[in-house]
Structure formats: C-alpha cells, structure tokens
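Data block for entry-v3.cif (mmCIF, C-alpha atoms):
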```
data_final
#
loop_
_atom_site.group_PDB
_atom_site.id
_atom_site.type_symbol
_atom_site.label_atom_id
_atom_site.label_comp_id
_atom_site.auth_asym_id
_atom_site.auth_seq_id
_atom_site.Cartn_x
_atom_site.Cartn_y
_atom_site.Cartn_z
ATOM 1 C CA GLN A 1 -10.490 -23.581 4.113
ATOM 2 C CA ARG A 2 -12.020 -26.695 5.703
ATOM 3 C CA GLY A 3 -13.177 -28.016 9.057
ATOM 4 C CA SER A 4 -16.455 -29.357 10.310
ATOM 5 C CA ASP A 5 -16.549 -28.585 14.023
ATOM 6 C CA ALA A 6 -19.075 -26.074 15.251
ATOM 7 C CA VAL A 7 -17.591 -23.239 17.287
ATOM 8 C CA ALA A 8 -19.162 -20.828 19.744
ATOM 9 C CA THR A 9 -18.953 -17.289 18.356
ATOM 10 C CA ASP A 10 -18.028 -14.184 20.359
ATOM 11 C CA ARG A 11 -20.163 -11.158 19.740
ATOM 12 C CA GLY A 12 -18.657 -9.160 16.898
ATOM 13 C CA SER A 13 -16.671 -12.028 15.444
ATOM 14 C CA ARG A 14 -17.372 -13.458 12.033
ATOM 15 C CA ARG A 15 -16.353 -16.948 11.142
ATOM 16 C CA VAL A 16 -17.028 -18.932 8.029
ATOM 17 C CA ARG A 17 -16.425 -22.660 8.020
ATOM 18 C CA GLY A 18 -15.824 -23.691 4.449
ATOM 19 C CA ARG A 19 -12.664 -25.746 3.695
ATOM 20 C CA GLY A 20 -11.799 -25.041 7.322
ATOM 21 C CA ILE A 21 -11.185 -21.356 6.891
ATOM 22 C CA VAL A 22 -11.896 -18.859 9.583
ATOM 23 C CA LEU A 23 -12.358 -15.180 8.989
ATOM 24 C CA PRO A 24 -11.043 -12.845 11.663
ATOM 25 C CA ALA A 25 -13.050 -9.980 13.091
ATOM 26 C CA ILE A 26 -11.876 -7.102 15.258
ATOM 27 C CA HIS A 27 -12.920 -6.929 18.905
ATOM 28 C CA HIS A 28 -12.723 -3.484 20.466
ATOM 29 C CA ARG A 29 -12.235 -4.367 24.093
ATOM 30 C CA ILE A 30 -9.584 -4.844 26.717
ATOM 31 C CA TRP A 31 -8.421 -8.438 26.665
ATOM 32 C CA LEU A 32 -6.003 -9.639 29.314
ATOM 33 C CA GLU A 33 -2.811 -7.578 29.208
ATOM 34 C CA VAL A 34 -3.549 -5.960 25.849
ATOM 35 C CA VAL A 35 -4.840 -2.450 26.527
ATOM 36 C CA ARG A 36 -6.314 0.013 24.024
ATOM 37 C CA ALA A 37 -5.627 -2.348 21.109
ATOM 38 C CA ALA A 38 -8.027 -3.764 18.572
ATOM 39 C CA ASN A 39 -7.830 -7.505 18.950
ATOM 40 C CA CYS A 40 -8.610 -10.283 16.566
ATOM 41 C CA HIS A 41 -9.858 -13.749 17.455
ATOM 42 C CA ILE A 42 -8.517 -16.274 15.004
ATOM 43 C CA PHE A 43 -9.304 -19.930 15.310
ATOM 44 C CA SER A 44 -7.488 -22.719 13.567
ATOM 45 C CA PRO A 45 -9.366 -25.866 12.502
ATOM 46 C CA ALA A 46 -8.169 -27.336 15.812
ATOM 47 C CA ILE A 47 -10.050 -24.431 17.425
ATOM 48 C CA ILE A 48 -6.999 -22.911 19.045
ATOM 49 C CA GLN A 49 -7.469 -19.318 20.101
ATOM 50 C CA ILE A 50 -4.650 -16.971 19.146
ATOM 51 C CA ARG A 51 -4.378 -13.342 20.187
ATOM 52 C CA PHE A 52 -3.140 -10.469 18.054
ATOM 53 C CA SER A 53 -2.860 -6.775 18.753
ATOM 54 C CA LEU A 54 -2.700 -4.319 15.902
ATOM 55 C CA GLN A 55 0.664 -3.141 17.217
ATOM 56 C CA GLY A 56 1.972 -6.606 16.393
ATOM 57 C CA PHE A 57 1.078 -6.359 12.707
ATOM 58 C CA PRO A 58 3.652 -4.936 10.310
ATOM 59 C CA LEU A 59 0.926 -2.831 8.708
ATOM 60 C CA CYS A 60 3.361 -0.369 7.157
ATOM 61 C CA ARG A 61 4.868 -3.241 5.220
ATOM 62 C CA LEU A 62 1.457 -4.227 3.930
ATOM 63 C CA ARG A 63 0.675 -1.034 2.056
ATOM 64 C CA LEU A 64 -0.005 -2.091 -1.500
ATOM 65 C CA SER A 65 2.567 -1.056 -4.037
ATOM 66 C CA HIS A 66 1.422 0.296 -7.383
ATOM 67 C CA PHE A 67 2.343 -2.988 -9.017
ATOM 68 C CA ALA A 68 0.672 -5.178 -6.404
ATOM 69 C CA MET A 69 -2.710 -3.459 -6.457
ATOM 70 C CA ALA A 70 -5.504 -5.084 -8.406
ATOM 71 C CA SER A 71 -6.055 -3.002 -11.517
ATOM 72 C CA GLY A 72 -8.088 -2.810 -14.699
ATOM 73 C CA ASN A 73 -5.647 -5.283 -16.223
ATOM 74 C CA ASP A 74 -6.684 -7.918 -13.693
ATOM 75 C CA CYS A 75 -7.704 -11.011 -15.678
ATOM 76 C CA ARG A 76 -8.945 -13.390 -12.974
ATOM 77 C CA GLU A 77 -12.561 -13.147 -14.104
ATOM 78 C CA VAL A 78 -11.857 -15.285 -17.182
ATOM 79 C CA HIS A 79 -10.801 -18.226 -14.999
ATOM 80 C CA ARG A 80 -13.020 -20.766 -13.272
ATOM 81 C CA HIS A 81 -13.344 -19.987 -9.575
ATOM 82 C CA THR A 82 -15.393 -21.464 -6.746
ATOM 83 C CA PRO A 83 -14.925 -19.845 -3.320
ATOM 84 C CA TYR A 84 -13.305 -22.152 -0.713
ATOM 85 C CA TYR A 85 -12.218 -24.717 -3.310
ATOM 86 C CA CYS A 86 -8.793 -23.264 -4.108
ATOM 87 C CA GLU A 87 -7.295 -26.689 -4.790
ATOM 88 C CA GLU A 88 -9.732 -27.209 -7.655
ATOM 89 C CA ASN A 89 -9.384 -23.649 -8.922
ATOM 90 C CA VAL A 90 -5.642 -24.190 -9.247
ATOM 91 C CA TYR A 91 -6.201 -27.488 -11.040
ATOM 92 C CA TRP A 92 -8.105 -25.623 -13.761
ATOM 93 C CA LEU A 93 -5.553 -22.811 -13.870
ATOM 94 C CA ALA A 94 -2.652 -25.233 -14.263
ATOM 95 C CA ARG A 95 -4.473 -27.245 -16.888
ATOM 96 C CA SER A 96 -5.236 -24.102 -18.870
ATOM 97 C CA PHE A 97 -1.663 -22.811 -18.781
ATOM 98 C CA LEU A 98 -0.169 -26.180 -19.701
ATOM 99 C CA SER A 99 -2.595 -26.516 -22.604
ATOM 100 C CA GLU A 100 -1.626 -23.072 -23.828
ATOM 101 C CA GLN A 101 2.067 -23.966 -23.657
ATOM 102 C CA ALA A 102 1.454 -27.169 -25.611
ATOM 103 C CA ARG A 103 -0.636 -25.351 -28.194
ATOM 104 C CA GLU A 104 1.946 -22.626 -28.745
ATOM 105 C CA GLY A 105 4.942 -24.928 -28.409
ATOM 106 C CA THR A 106 6.579 -22.707 -25.788
ATOM 107 C CA GLU A 107 8.381 -23.692 -22.599
ATOM 108 C CA ASP A 108 9.675 -20.349 -21.425
ATOM 109 C CA ALA A 109 8.124 -20.808 -17.976
ATOM 110 C CA SER A 110 7.423 -23.637 -15.559
ATOM 111 C CA TYR A 111 4.459 -23.791 -13.201
ATOM 112 C CA PHE A 112 3.945 -25.196 -9.719
ATOM 113 C CA ALA A 113 0.863 -25.700 -7.606
ATOM 114 C CA VAL A 114 1.879 -24.319 -4.216
ATOM 115 C CA VAL A 115 0.074 -25.523 -1.101
ATOM 116 C CA VAL A 116 0.548 -23.342 1.976
ATOM 117 C CA SER A 117 0.120 -25.287 5.204
ATOM 118 C CA ASN A 118 1.813 -26.517 8.369
ATOM 119 C CA PRO A 119 1.346 -29.355 10.892
ATOM 120 C CA LYS A 120 -0.957 -27.206 13.060
ATOM 121 C CA LYS A 121 -3.112 -26.368 10.047
ATOM 122 C CA ALA A 122 -3.063 -22.671 10.900
ATOM 123 C CA VAL A 123 -1.225 -20.323 8.554
ATOM 124 C CA PRO A 124 -1.734 -16.537 8.666
ATOM 125 C CA MET A 125 -2.041 -14.922 5.239
ATOM 126 C CA TRP A 126 -2.654 -11.287 4.457
ATOM 127 C CA GLN A 127 -4.322 -9.579 1.474
ATOM 128 C CA GLN A 128 -6.928 -12.312 1.109
ATOM 129 C CA LYS A 129 -10.391 -11.385 -0.165
ATOM 130 C CA ALA A 130 -11.955 -13.360 2.691
ATOM 131 C CA GLY A 131 -10.202 -11.188 5.265
ATOM 132 C CA GLU A 132 -11.266 -7.921 6.864
ATOM 133 C CA GLU A 133 -10.148 -4.684 5.225
ATOM 134 C CA ALA A 134 -9.147 -3.263 8.621
ATOM 135 C CA MET A 135 -6.825 -6.224 9.145
ATOM 136 C CA CYS A 136 -5.231 -5.973 5.692
ATOM 137 C CA GLY A 137 -7.098 -9.036 4.505
ATOM 138 C CA LEU A 138 -5.774 -11.282 7.266
ATOM 139 C CA VAL A 139 -7.085 -14.859 7.265
ATOM 140 C CA VAL A 140 -5.778 -17.935 9.063
ATOM 141 C CA TRP A 141 -6.063 -20.858 6.671
ATOM 142 C CA ASP A 142 -5.579 -24.539 7.362
ATOM 143 C CA TYR A 143 -4.287 -24.604 3.785
ATOM 144 C CA HIS A 144 -4.332 -22.449 0.713
ATOM 145 C CA VAL A 145 -3.338 -23.212 -2.875
ATOM 146 C CA PHE A 146 -2.109 -20.905 -5.632
ATOM 147 C CA LEU A 147 -0.164 -21.257 -8.884
ATOM 148 C CA LEU A 148 3.471 -20.155 -9.117
ATOM 149 C CA GLU A 149 5.185 -19.250 -12.384
ATOM 150 C CA CYS A 150 8.961 -19.589 -12.607
ATOM 151 C CA SER A 151 11.439 -18.620 -15.291
ATOM 152 C CA ARG A 152 13.326 -21.487 -16.844
ATOM 153 C CA GLY A 153 16.720 -20.329 -15.659
ATOM 154 C CA GLY A 154 19.549 -22.451 -14.340
ATOM 155 C CA PRO A 155 18.984 -24.761 -11.375
ATOM 156 C CA HIS A 156 18.804 -23.230 -7.928
ATOM 157 C CA ALA A 157 18.845 -24.972 -4.579
ATOM 158 C CA THR A 158 18.217 -23.812 -1.039
ATOM 159 C CA ALA A 159 21.141 -22.513 0.992
ATOM 160 C CA ASP A 160 21.853 -25.870 2.602
ATOM 161 C CA GLY A 161 20.773 -27.937 -0.390
ATOM 162 C CA VAL A 162 17.546 -29.161 1.118
ATOM 163 C CA GLY A 163 13.915 -28.216 0.806
ATOM 164 C CA ALA A 164 12.094 -31.336 1.748
ATOM 165 C CA ALA A 165 13.773 -33.051 -1.158
ATOM 166 C CA ALA A 166 17.526 -32.843 -0.733
ATOM 167 C CA GLY A 167 19.401 -31.816 -3.835
ATOM 168 C CA GLN A 168 16.289 -31.316 -5.949
ATOM 169 C CA PRO A 169 17.007 -28.445 -8.363
ATOM 170 C CA LEU A 170 14.391 -25.825 -9.030
ATOM 171 C CA LYS A 171 13.518 -24.825 -12.555
ATOM 172 C CA GLY A 172 14.113 -21.117 -12.140
ATOM 173 C CA LYS A 173 13.268 -18.110 -10.022
ATOM 174 C CA ALA A 174 9.676 -17.216 -9.187
ATOM 175 C CA THR A 175 8.284 -14.499 -11.419
ATOM 176 C CA ARG A 176 4.508 -14.366 -10.953
ATOM 177 C CA VAL A 177 1.792 -15.733 -8.671
ATOM 178 C CA TYR A 178 -1.751 -16.570 -9.747
ATOM 179 C CA ASP A 179 -4.024 -16.481 -6.697
ATOM 180 C CA LEU A 180 -7.731 -16.127 -7.411
ATOM 181 C CA ASP A 181 -8.436 -15.334 -3.747
ATOM 182 C CA THR A 182 -5.985 -12.485 -3.204
ATOM 183 C CA ARG A 183 -6.782 -8.782 -3.051
ATOM 184 C CA LEU A 184 -3.530 -8.191 -4.917
ATOM 185 C CA SER A 185 -3.265 -8.115 -8.689
ATOM 186 C CA PHE A 186 -3.773 -11.179 -10.858
ATOM 187 C CA PRO A 187 -1.193 -12.191 -11.790
ATOM 188 C CA CYS A 188 1.009 -10.597 -9.140
ATOM 189 C CA ASP A 189 4.754 -10.086 -9.105
ATOM 190 C CA ALA A 190 6.128 -12.934 -6.992
ATOM 191 C CA LYS A 191 8.221 -10.795 -4.648
ATOM 192 C CA ASP A 192 5.330 -8.403 -4.070
ATOM 193 C CA TYR A 193 2.948 -11.283 -3.432
ATOM 194 C CA PHE A 194 5.114 -13.036 -0.850
ATOM 195 C CA GLN A 195 6.060 -9.812 0.925
ATOM 196 C CA GLN A 196 2.432 -8.718 1.178
ATOM 197 C CA SER A 197 0.847 -12.113 1.866
ATOM 198 C CA PHE A 198 3.346 -13.600 4.351
ATOM 199 C CA ALA A 199 4.247 -10.693 6.598
ATOM 200 C CA PHE A 200 5.512 -12.704 9.576
ATOM 201 C CA ASN A 201 9.014 -14.140 9.679
ATOM 202 C CA GLU A 202 9.864 -17.145 11.875
ATOM 203 C CA GLU A 203 10.398 -15.009 14.975
ATOM 204 C CA LYS A 204 7.015 -13.311 14.605
ATOM 205 C CA LEU A 205 5.241 -16.588 13.898
ATOM 206 C CA ARG A 206 6.648 -18.256 17.001
ATOM 207 C CA HIS A 207 5.989 -15.192 19.161
ATOM 208 C CA GLN A 208 2.314 -15.224 18.144
ATOM 209 C CA GLY A 209 1.971 -18.957 18.780
ATOM 210 C CA PHE A 210 2.001 -20.146 15.181
ATOM 211 C CA ASP A 211 3.894 -23.015 13.662
ATOM 212 C CA LEU A 212 6.276 -22.190 10.806
ATOM 213 C CA THR A 213 4.818 -21.708 7.335
ATOM 214 C CA TYR A 214 5.544 -24.427 4.773
ATOM 215 C CA PHE A 215 5.130 -24.456 1.015
ATOM 216 C CA LYS A 216 4.436 -27.750 -0.742
ATOM 217 C CA LEU A 217 5.521 -27.419 -4.373
ATOM 218 C CA ILE A 218 3.985 -29.766 -6.919
ATOM 219 C CA GLU A 219 4.912 -29.477 -10.583
ATOM 220 C CA ALA A 220 1.858 -28.398 -12.556
ATOM 221 C CA GLU A 221 2.074 -31.439 -14.825
ATOM 222 C CA THR A 222 2.050 -33.739 -11.781
ATOM 223 C CA TYR A 223 -0.729 -31.800 -10.077
ATOM 224 C CA VAL A 224 -3.022 -32.007 -13.111
ATOM 225 C CA ALA A 225 -2.285 -35.699 -13.645
ATOM 226 C CA GLU A 226 -2.614 -36.816 -10.022
ATOM 227 C CA PHE A 227 -5.015 -34.418 -8.284
ATOM 228 C CA SER A 228 -8.096 -36.308 -7.123
ATOM 229 C CA SER A 229 -10.649 -35.148 -4.571
ATOM 230 C CA ASP A 230 -14.063 -36.514 -3.666
ATOM 231 C CA ARG A 231 -14.733 -33.310 -1.650
ATOM 232 C CA ALA A 232 -15.438 -35.348 1.484
ATOM 233 C CA HIS A 233 -13.474 -32.768 3.502
ATOM 234 C CA MET A 234 -16.197 -30.261 2.664
ATOM 235 C CA LEU A 235 -18.983 -32.252 4.295
ATOM 236 C CA SER A 236 -20.091 -31.699 7.863
ATOM 237 C CA ALA A 237 -20.730 -34.538 10.289
ATOM 238 C CA GLU A 238 -24.399 -34.287 9.289
ATOM 239 C CA GLY A 239 -23.516 -34.678 5.619
ATOM 240 C CA THR A 240 -24.253 -31.084 4.600
ATOM 241 C CA TRP A 241 -21.889 -28.924 2.556
ATOM 242 C CA LEU A 242 -19.680 -26.515 4.494
ATOM 243 C CA ALA A 243 -19.500 -24.373 1.373
ATOM 244 C CA LYS A 244 -21.399 -24.629 -1.893
ATOM 245 C CA PRO A 245 -19.507 -27.049 -4.169
ATOM 246 C CA PRO A 246 -18.535 -26.295 -7.772
ATOM 247 C CA ASP A 247 -21.170 -26.827 -10.462
ATOM 248 C CA TYR A 248 -19.243 -29.704 -12.028
ATOM 249 C CA PRO A 249 -18.521 -33.263 -10.791
ATOM 250 C CA PRO A 250 -15.583 -33.897 -8.427
ATOM 251 C CA ILE A 251 -12.191 -34.135 -10.103
ATOM 252 C CA LEU A 252 -11.142 -37.755 -9.748
ATOM 253 C CA THR A 253 -8.502 -39.933 -11.360
ATOM 254 C CA ASP A 254 -9.535 -43.109 -13.189
ATOM 255 C CA ASP A 255 -9.330 -45.240 -10.038
ATOM 256 C CA GLY A 256 -11.752 -42.910 -8.254
ATOM 257 C CA LYS A 257 -9.513 -42.611 -5.189
ATOM 258 C CA SER A 258 -9.209 -39.260 -3.464
ATOM 259 C CA ILE A 259 -5.697 -38.161 -2.509
ATOM 260 C CA PHE A 260 -6.800 -34.923 -0.896
ATOM 261 C CA HIS A 261 -5.143 -35.904 2.405
ATOM 262 C CA LYS A 262 -1.751 -35.574 0.702
ATOM 263 C CA ILE A 263 -2.239 -31.851 0.243
ATOM 264 C CA TYR A 264 -1.308 -31.001 3.831
ATOM 265 C CA VAL A 265 2.226 -30.573 5.179
ATOM 266 C CA THR A 266 2.200 -32.960 8.121
ATOM 267 C CA GLY A 267 4.325 -33.308 11.229
ATOM 268 C CA GLU A 268 5.604 -36.626 9.900
ATOM 269 C CA GLU A 269 6.749 -34.990 6.679
ATOM 270 C CA VAL A 270 8.537 -32.222 8.559
ATOM 271 C CA ALA A 271 10.242 -34.693 10.912
ATOM 272 C CA SER A 272 11.365 -37.050 8.156
ATOM 273 C CA GLY A 273 12.151 -34.436 5.520
ATOM 274 C CA VAL A 274 10.190 -36.485 2.996
ATOM 275 C CA SER A 275 7.003 -35.250 1.383
ATOM 276 C CA GLY A 276 4.216 -37.608 0.407
ATOM 277 C CA TRP A 277 3.466 -35.431 -2.622
ATOM 278 C CA GLY A 278 5.694 -32.778 -4.159
ATOM 279 C CA HIS A 279 8.482 -31.064 -2.228
ATOM 280 C CA ASN A 280 8.131 -29.157 1.061
ATOM 281 C CA TYR A 281 9.997 -25.950 1.833
ATOM 282 C CA VAL A 282 9.924 -24.019 5.070
ATOM 283 C CA GLN A 283 9.324 -20.330 4.382
ATOM 284 C CA LYS A 284 12.907 -19.069 4.723
ATOM 285 C CA ASP A 285 14.267 -21.831 2.472
ATOM 286 C CA PHE A 286 11.562 -21.204 -0.072
ATOM 287 C CA GLU A 287 12.421 -17.507 -0.205
ATOM 288 C CA LEU A 288 16.124 -18.248 -0.616
ATOM 289 C CA ALA A 289 15.472 -20.730 -3.397
ATOM 290 C CA PHE A 290 12.748 -18.996 -5.373
ATOM 291 C CA LEU A 291 12.947 -15.284 -4.646
#
```

Would you mind giving the structure from this file in structure tokens?
Amino acid sequence: QRGSDAVATDRGSRRVRGRGIVLPAIHHRIWLEVVRAANCHIFSPAIIQIRFSLQGFPLCRLRLSHFAMASGNDCREVHRHTPYYCEENVYWLARSFLSEQAREGTEDASYFAVVVSNPKKAVPMWQQKAGEEAMCGLVVWDYHVFLLECSRGGPHATADGVGAAAGQPLKGKATRVYDLDTRLSFPCDAKDYFQQSFAFNEEKLRHQGFDLTYFKLIEAETYVAEFSSDRAHMLSAEGTWLAKPPDYPPILTDDGKSIFHKIYVTGEEVASGVSGWGHNYVQKDFELAFL
C-alpha cells in the first residue's frame, strides 16, 4: 500500500509500488531447497525477501464458499473507490453509513475502521483484487483498511481481558465486512472474510518469517472525525505520485495536520500495550473477541 524505494525486479515478478503494496508473482524455478514448487517473491516495504512454496499455502481452505463469492448482489460499485487509497475509501464508507443511521434514526449496528498492520509492515492477505489468481489473491500489504460492522449485542472482551486497551468492551460480534479491494462479496460475512483473507495462524506466520497480524480498531465516528491525511506517504523521493491520487482534495481536519502516521501498529504500541489511535488486537485475540 505505500513505500517509495525502488526495487530491482526478478524476471517474471510483478510489483506495484503504490501505498507500499507489492504484488506477488509466481516463479517457476528451483530455489534453494524448494524443489518442483511454484515460488512467490514477496517484498515488504522494508524490502525483505520472503519465500513461499505452494505446498505451504492452505489452498483448500481458500476455496470460496457460495456466500463469500462476489455475486450479482455485490454493491461496491455505488461507493467511492480509489485504488491504493483504502484509508480514504473507508473514510467515505464510514461517513455514508453513519449518515444513513442518523437519517433513519437507527442504531442496530456499530461500525469500526479496521487497519491491518504489524511492526514489520508486512501482512499477508488473501483474496485481494491486487493479487494473482493462481495465488488465491495473495498480497503482502504494509497496511490495509476495511470497514467492520458489528451487532449491538452485549459487551464482549478478549479471553484475558486485553486487546491493546485492557478492559475495553466491544459493542457486539462482527457480522459483515466492507472491503472494496477484496475478491470476496461486498459486503461479506465476517467469518467468511476472516477465514478466507487471513489464512495463516501464528505458527504459520512465524514459520514463514512474518510478524504477527494486528488489527487496529477505530470507532467509525472517531475515524470520520479525526482522519486527516496530506497523502505525503504516496509521494516518491522525487515528488511524483506512487499511485494516482483521488480526484478530490486531501481529507484534512481544520488544523490541516496529517495524522496518517498513527494508522500503523508500531513496535512501541505492541510493547507498551497502548495504541496511539484506536485499540490494537493481535489476530487470535481479535478472533476470540469479535468472531
């Protein structure tokens, strides 16, 4: 999703530097100890090379269920969307849904902007439109943002009472996910979305050299009120755009200060258990609390 460093490209690989994202491509060759396996070069924004073999992917788990497949009922086309600017796309989604709730006087659901990230800025996600079909839409993002809808049930907490905000109750169980960049349906059942999009558990992540996956949850009302980005992260060192910006001015608060840096889950946040914006949950705690 971002990143400005130029990277040498292996023949057959395809990489797009927009918000630091990198698109994987399959290399049909013998690489070190991996024999007769299609391999994928994936580079994080820190340009760390990570190796995968297809045998390591839980592909059987990634077969789309009837309910997860994008269908004729998919309604994402009515929403504003600019590729590689997911944080702004979610701002408009959240604003639209909150306005609709206010207009209709309903509060049957609560919404959260969810930022997927980790201190290494390298999170594998499947079923993304930017990914290769042969790799089940696999992309390694430095961050990704989507909107989460939750029922307004009783409060729920993680198993040990902590996310990154100890004792903070949640407003209900996750019901649907709105991700404009997924190959899955829009909206998508929450359980289907997380099972299909985050196929690696902690053991798999560590085995493949990844950091754990974290989810930064920001209440939609807070996200809409406080989100502010001057899009500086999308400029290269030469001052050119890494990806074409939206056709509207940057979304800034009245003071004009960008708080985009707060979107990441940092090592300091993980170590201290305190998030600079919203609440952080490691993947297993998030699943226990929301799913």

Within 8 Å of range 83-96 of chain A: each range 245-282 of chain A residue with its shortest pair, all atoms listed in the file, as a tab-separated table:
```
residue	atom	partner	partner_atom	distance
A:Pro245	CA	A:Tyr85	CA	7.7
A:Pro246	CA	A:Tyr85	CA	7.9
A:Ile251	CA	A:Glu88	CA	7.7
```

Those same residues, written as a short mmCIF file (atom, residue, chain, number, x, y, z; two decimals), in the coordinates of the input with C-alpha atoms?
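Once written, part04.cif looks like this:
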```cif
data_model
loop_
_atom_site.label_atom_id
_atom_site.label_comp_id
_atom_site.auth_asym_id
_atom_site.auth_seq_id
_atom_site.Cartn_x
_atom_site.Cartn_y
_atom_site.Cartn_z
CA PRO A 245 -19.51 -27.05 -4.17
CA PRO A 246 -18.54 -26.30 -7.77
CA ILE A 251 -12.19 -34.14 -10.10
#
```

Correct to one decimal, the distance CA of Leu180 in chain A-CA of Asp74 in chain A is 10.4 Å

List as a list of chain:residue names the protein and nucleic acid residues near Glu203 in chain A, meaning an atom at most 10 Å away when only C-alpha atoms are counted, but skip any in the same chain fewer than 5 places from it.
A:Gln208, A:Phe210, A:Leu212

With all atoms listed in the file as the atoms that count, which of A:Asp108, A:Glu77, A:Asp179, A:Glu202 lies nearest to Leu147 in chain A?
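That would be A:Asp179, the residue with the smallest distance to Leu147 in chain A.
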
When you draw a straight line from CA of Ala199 in chain A to CA of Gln127 in chain A, how long is it in Å?
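If I compute the distance from CA of Ala199 in chain A to CA of Gln127 in chain A, I get 10.0 Å.
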
As an exercise, work out the distance from CA of Gln128 in chain A to CA of Thr182 in chain A in Å and give it to one decimal place.
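We find that CA of Gln128 in chain A and CA of Thr182 in chain A lie 4.4 Å from each other.
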
Which residues, protein or nucleic acid, reach to within 9 Å of (-0.7, -15.6, 5.1) in the file's coordinates when using all atoms listed in the file, and can you give that as a short mmCIF file (atom, residue, chain, number, x, y, z; two decimals) with C-alpha atoms, keeping the file's coordinate frame?
```cif
data_model
loop_
_atom_site.label_atom_id
_atom_site.label_comp_id
_atom_site.auth_asym_id
_atom_site.auth_seq_id
_atom_site.Cartn_x
_atom_site.Cartn_y
_atom_site.Cartn_z
CA VAL A 116 0.55 -23.34 1.98
CA VAL A 123 -1.23 -20.32 8.55
CA PRO A 124 -1.73 -16.54 8.67
CA MET A 125 -2.04 -14.92 5.24
CA TRP A 126 -2.65 -11.29 4.46
CA GLN A 127 -4.32 -9.58 1.47
CA GLN A 128 -6.93 -12.31 1.11
CA LEU A 138 -5.77 -11.28 7.27
CA VAL A 139 -7.08 -14.86 7.26
CA VAL A 140 -5.78 -17.93 9.06
CA TRP A 141 -6.06 -20.86 6.67
CA HIS A 144 -4.33 -22.45 0.71
CA PHE A 194 5.11 -13.04 -0.85
CA GLN A 196 2.43 -8.72 1.18
CA SER A 197 0.85 -12.11 1.87
CA PHE A 198 3.35 -13.60 4.35
CA ALA A 199 4.25 -10.69 6.60
CA PHE A 200 5.51 -12.70 9.58
CA THR A 213 4.82 -21.71 7.34
#
```

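Proximity to Lys129 in chain A was assessed for A:Arg152, A:Tyr111, A:Ser185, A:Glu100 counting all atoms listed in the file; the smallest distance is recorded for A:Ser185.
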
Please write out, as lines of an AutoDock Vina configuration file, where the centre of an axis-aligned box around all listed atoms of range 254-271 of chain A lies and how long its edges are, in Å to one decimal, after adding 8 Å on each side.
```
center_x = -0.8
center_y = -37.9
center_z = -1.0
size_x = 38.0
size_y = 30.7
size_z = 40.4
```

Set the distance at 10 Å and use all atoms listed in the file: which residues neighbour range 268-271 of chain A once local chain neighbours fewer than 2 positions away are removed? I'd like the list as a PDB file with C-alpha atoms, in the coordinates of the input.
```pdb
ATOM      1  CA  ASN A 118       1.813 -26.517   8.369  1.00  0.00           C
ATOM      2  CA  PRO A 119       1.346 -29.355  10.892  1.00  0.00           C
ATOM      3  CA  ALA A 164      12.094 -31.336   1.748  1.00  0.00           C
ATOM      4  CA  TYR A 214       5.544 -24.427   4.773  1.00  0.00           C
ATOM      5  CA  TYR A 264      -1.308 -31.001   3.831  1.00  0.00           C
ATOM      6  CA  VAL A 265       2.226 -30.573   5.179  1.00  0.00           C
ATOM      7  CA  THR A 266       2.200 -32.960   8.121  1.00  0.00           C
ATOM      8  CA  GLY A 273      12.151 -34.436   5.520  1.00  0.00           C
ATOM      9  CA  VAL A 274      10.190 -36.485   2.996  1.00  0.00           C
ATOM     10  CA  SER A 275       7.003 -35.250   1.383  1.00  0.00           C
ATOM     11  CA  GLY A 276       4.216 -37.608   0.407  1.00  0.00           C
ATOM     12  CA  TRP A 277       3.466 -35.431  -2.622  1.00  0.00           C
ATOM     13  CA  HIS A 279       8.482 -31.064  -2.228  1.00  0.00           C
ATOM     14  CA  ASN A 280       8.131 -29.157   1.061  1.00  0.00           C
ATOM     15  CA  TYR A 281       9.997 -25.950   1.833  1.00  0.00           C
ATOM     16  CA  VAL A 282       9.924 -24.019   5.070  1.00  0.00           C
TER      17      VAL A 282
END
```

Of the residues A:Arg206, A:Phe97, A:Ala289, A:Leu184, which is the one nearest to His79 in chain A, using all atoms listed in the file?
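Answer, going by the shortest atom-to-atom distance: A:Phe97.
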
In terms of the shortest atom-to-atom distance over only C-alpha atoms, which of A:Asp181, A:Leu252, A:Gln283, A:Arg231 is closest to Arg80 in chain A?
A:Asp181
